[in-house]
Amino acid sequence: MKTLGLILESTLEEISAGRKLFTPDAGTQEAMDTFQQIAKAISYADSEGLVEHCQFGIADFTDRLTFSRVMVTGGVTELGYEFLRQRSLSRQKKFG
């Protein structure tokens with residue numbers, strides 16, 4: 001399983017490449033669980049100013065918040081790009 005940092009990094013890369021809509025890949029519980037991690041990463045990125053203009057679709061409010069979709073209309077911020085640069089530099093130092 002990917003860490004939140006890796007999920008955040010790959011999601012920011014997808015957004016910077018132009019992806020705007022995130023939904024579960026299938027109707028299975030496994031796909032929904034995987035998507036929840038992506039939605040939480042985007043929510044975190046939104047709260048930290050790494051992306052802007054996010055809209056969250058909520059599927060369920062029962063015992064835990066369940067996201068059904070996320071739309072990112074504003075894209076990655078300069079702070080988000082700096083996060084990606086730092087992650088890349090860290091990887092280069094680790095493997096370089």
# chains A, B, ... in the order shown; residues from 1 in each chain; ligands from 1
call {"tool": "closest_atom_pairs", "arguments": {"of": "segment 23-82 of chain A", "to": "segment 3-11 of chain A", "cutoff": "12 Å", "atoms": "only C-alpha atoms", "output": "CSV"}}
result
residue,atom,partner,partner_atom,distance
A:Thr34,CA,A:Ile7,CA,10.0
A:Phe35,CA,A:Ile7,CA,10.4
A:Gln36,CA,A:Ile7,CA,10.9
A:Gln37,CA,A:Leu4,CA,7.5
A:Ile38,CA,A:Ile7,CA,6.4
A:Ala39,CA,A:Thr11,CA,9.4
A:Lys40,CA,A:Leu4,CA,8.7
A:Ala41,CA,A:Leu8,CA,5.2
A:Ile42,CA,A:Leu8,CA,7.0
A:Ser43,CA,A:Leu8,CA,9.8
A:Tyr44,CA,A:Leu8,CA,8.5
A:Ala45,CA,A:Leu8,CA,7.4
A:Asp46,CA,A:Leu8,CA,10.9
A:Glu48,CA,A:Leu8,CA,11.7
A:Leu50,CA,A:Leu8,CA,9.9
A:Val51,CA,A:Thr11,CA,10.5
A:Val70,CA,A:Thr11,CA,11.6
A:Val72,CA,A:Thr11,CA,10.9
A:Gly75,CA,A:Thr11,CA,11.1
A:Val76,CA,A:Thr11,CA,10.1
A:Gly80,CA,A:Glu9,CA,9.3
A:Tyr81,CA,A:Glu9,CA,10.0
A:Glu82,CA,A:Glu9,CA,11.2
call {"tool": "select_by_dssp", "arguments": {"residues": "chain A", "states": "alpha helix (DSSP H)", "output": "PyMOL selection string"}}
result
chain A and resi 4-16+29-47+78-95
call {"tool": "write_last_selection", "arguments": {"atoms": "N, CA and C atoms", "output": "compact mmCIF listing (two decimals), in the first residue's frame"}}
result
# COMPACT_ATOMS: atom_id res chain seq x y z
N LEU A 4 0.67 8.01 2.34
CA LEU A 4 -0.07 9.22 1.99
C LEU A 4 0.81 10.16 1.17
N GLY A 5 2.11 10.24 1.51
CA GLY A 5 3.02 11.11 0.76
C GLY A 5 3.13 10.70 -0.69
N LEU A 6 3.22 9.41 -0.95
CA LEU A 6 3.30 8.93 -2.34
C LEU A 6 1.99 9.14 -3.08
N ILE A 7 0.88 8.92 -2.39
CA ILE A 7 -0.42 9.15 -3.00
C ILE A 7 -0.58 10.64 -3.33
N LEU A 8 -0.20 11.49 -2.39
CA LEU A 8 -0.28 12.92 -2.60
C LEU A 8 0.59 13.34 -3.79
N GLU A 9 1.81 12.84 -3.82
CA GLU A 9 2.73 13.19 -4.91
C GLU A 9 2.18 12.76 -6.26
N SER A 10 1.75 11.52 -6.38
CA SER A 10 1.26 11.04 -7.68
C SER A 10 -0.03 11.76 -8.09
N THR A 11 -0.86 12.10 -7.11
CA THR A 11 -2.10 12.81 -7.41
C THR A 11 -1.81 14.23 -7.88
N LEU A 12 -0.87 14.91 -7.21
CA LEU A 12 -0.49 16.26 -7.65
C LEU A 12 0.10 16.22 -9.06
N GLU A 13 0.87 15.19 -9.36
CA GLU A 13 1.42 15.06 -10.71
C GLU A 13 0.31 14.89 -11.74
N GLU A 14 -0.71 14.10 -11.40
CA GLU A 14 -1.84 13.92 -12.32
C GLU A 14 -2.58 15.24 -12.53
N ILE A 15 -2.79 15.99 -11.44
CA ILE A 15 -3.48 17.27 -11.56
C ILE A 15 -2.66 18.24 -12.40
N SER A 16 -1.34 18.27 -12.17
CA SER A 16 -0.50 19.19 -12.95
C SER A 16 -0.47 18.80 -14.43
N GLN A 29 -15.79 -2.49 -3.43
CA GLN A 29 -15.35 -1.91 -2.15
C GLN A 29 -13.86 -1.59 -2.19
N GLU A 30 -13.08 -2.44 -2.83
CA GLU A 30 -11.64 -2.21 -2.93
C GLU A 30 -11.35 -0.92 -3.70
N ALA A 31 -12.06 -0.72 -4.82
CA ALA A 31 -11.87 0.51 -5.60
C ALA A 31 -12.30 1.73 -4.80
N MET A 32 -13.38 1.60 -4.05
CA MET A 32 -13.86 2.70 -3.22
C MET A 32 -12.86 3.02 -2.12
N ASP A 33 -12.27 2.00 -1.49
CA ASP A 33 -11.27 2.20 -0.45
C ASP A 33 -10.03 2.89 -1.00
N THR A 34 -9.58 2.47 -2.17
CA THR A 34 -8.42 3.08 -2.82
C THR A 34 -8.72 4.54 -3.15
N PHE A 35 -9.91 4.80 -3.67
CA PHE A 35 -10.29 6.16 -4.01
C PHE A 35 -10.35 7.05 -2.78
N GLN A 36 -10.78 6.52 -1.64
CA GLN A 36 -10.87 7.33 -0.42
C GLN A 36 -9.49 7.87 -0.05
N GLN A 37 -8.44 7.09 -0.27
CA GLN A 37 -7.08 7.56 0.02
C GLN A 37 -6.70 8.72 -0.90
N ILE A 38 -7.09 8.62 -2.17
CA ILE A 38 -6.81 9.69 -3.13
C ILE A 38 -7.60 10.95 -2.74
N ALA A 39 -8.88 10.78 -2.40
CA ALA A 39 -9.71 11.91 -2.02
C ALA A 39 -9.17 12.59 -0.75
N LYS A 40 -8.71 11.80 0.20
CA LYS A 40 -8.14 12.36 1.43
C LYS A 40 -6.85 13.12 1.12
N ALA A 41 -6.05 12.60 0.20
CA ALA A 41 -4.82 13.29 -0.20
C ALA A 41 -5.16 14.64 -0.85
N ILE A 42 -6.18 14.67 -1.69
CA ILE A 42 -6.59 15.93 -2.33
C ILE A 42 -7.15 16.89 -1.28
N SER A 43 -7.92 16.37 -0.35
CA SER A 43 -8.46 17.20 0.72
C SER A 43 -7.32 17.82 1.53
N TYR A 44 -6.31 17.02 1.84
CA TYR A 44 -5.14 17.53 2.55
C TYR A 44 -4.43 18.59 1.72
N ALA A 45 -4.23 18.31 0.43
CA ALA A 45 -3.56 19.26 -0.46
C ALA A 45 -4.34 20.57 -0.52
N ASP A 46 -5.65 20.48 -0.54
CA ASP A 46 -6.50 21.66 -0.57
C ASP A 46 -6.32 22.46 0.73
N SER A 47 -6.32 21.79 1.86
CA SER A 47 -6.19 22.48 3.15
C SER A 47 -4.82 23.11 3.34
N GLU A 78 1.59 27.21 -6.80
CA GLU A 78 3.05 27.30 -6.75
C GLU A 78 3.59 26.52 -5.56
N LEU A 79 2.88 26.56 -4.45
CA LEU A 79 3.27 25.79 -3.27
C LEU A 79 3.23 24.29 -3.57
N GLY A 80 2.24 23.87 -4.34
CA GLY A 80 2.14 22.47 -4.75
C GLY A 80 3.29 22.05 -5.64
N TYR A 81 3.66 22.93 -6.58
CA TYR A 81 4.81 22.63 -7.44
C TYR A 81 6.10 22.58 -6.63
N GLU A 82 6.21 23.41 -5.62
CA GLU A 82 7.39 23.39 -4.75
C GLU A 82 7.44 22.06 -3.98
N PHE A 83 6.30 21.59 -3.52
CA PHE A 83 6.22 20.29 -2.85
C PHE A 83 6.75 19.19 -3.78
N LEU A 84 6.30 19.21 -5.04
CA LEU A 84 6.75 18.20 -6.01
C LEU A 84 8.25 18.32 -6.27
N ARG A 85 8.77 19.53 -6.36
CA ARG A 85 10.22 19.72 -6.57
C ARG A 85 11.01 19.16 -5.39
N GLN A 86 10.54 19.42 -4.18
CA GLN A 86 11.23 18.93 -2.99
C GLN A 86 11.21 17.41 -2.93
N ARG A 87 10.09 16.81 -3.29
CA ARG A 87 10.00 15.34 -3.31
C ARG A 87 10.97 14.77 -4.33
N SER A 88 11.06 15.41 -5.48
CA SER A 88 11.97 14.95 -6.54
C SER A 88 13.42 15.07 -6.09
N LEU A 89 13.78 16.19 -5.48
CA LEU A 89 15.14 16.38 -4.98
C LEU A 89 15.48 15.35 -3.91
N SER A 90 14.54 15.09 -3.04
CA SER A 90 14.75 14.10 -1.98
C SER A 90 15.02 12.72 -2.57
N ARG A 91 14.27 12.37 -3.61
CA ARG A 91 14.46 11.07 -4.28
C ARG A 91 15.83 11.01 -4.96
N GLN A 92 16.22 12.12 -5.59
CA GLN A 92 17.52 12.16 -6.27
C GLN A 92 18.67 11.99 -5.29
N LYS A 93 18.56 12.62 -4.13
CA LYS A 93 19.60 12.49 -3.11
C LYS A 93 19.66 11.06 -2.57
N LYS A 94 18.49 10.46 -2.44
CA LYS A 94 18.40 9.11 -1.89
C LYS A 94 18.99 8.08 -2.85
N PHE A 95 18.72 8.24 -4.14
CA PHE A 95 19.15 7.26 -5.14
C PHE A 95 20.29 7.74 -6.02
call {"tool": "select_by_dssp", "arguments": {"residues": "chain A", "states": "strand (DSSP E)", "output": "PyMOL selection string"}}
result
chain A and resi 21-22+51-60+66-76
call {"tool": "atom_distance", "arguments": {"atom1": "atom CA of Gly74 of chain A", "atom2": "atom CA of Leu21 of chain A"}}
result
11.6 Å
call {"tool": "atom_distance", "arguments": {"atom1": "atom CA of Lys2 of chain A", "atom2": "atom CA of Thr62 of chain A"}}
result
26.2 Å
call {"tool": "atom_distance", "arguments": {"atom1": "atom CA of Ala17 of chain A", "atom2": "atom CA of Phe67 of chain A"}}
result
22.6 Å
call {"tool": "residues_around", "arguments": {"residues": "Phe22 of chain A", "least_positions_apart": "2", "cutoff": "8 Å", "atoms": "only C-alpha atoms", "output": "list in words"}}
result
Arg19, Lys20, Pro24, Ala39, Arg69, Val70 and Met71 of chain A
call {"tool": "write_last_selection", "arguments": {"atoms": "C-alpha atoms", "output": "short mmCIF file (atom, residue, chain, number, x, y, z; two decimals), in the first residue's frame"}}
result
data_model
loop_
_atom_site.label_atom_id
_atom_site.label_comp_id
_atom_site.auth_asym_id
_atom_site.auth_seq_id
_atom_site.Cartn_x
_atom_site.Cartn_y
_atom_site.Cartn_z
CA ARG A 19 -6.54 15.71 -14.74
CA LYS A 20 -9.51 17.44 -13.11
CA PRO A 24 -13.45 5.40 -8.01
CA ALA A 39 -9.71 11.91 -2.02
CA ARG A 69 -15.84 12.18 -6.51
CA VAL A 70 -13.43 15.09 -6.41
CA MET A 71 -13.15 17.85 -9.01
#
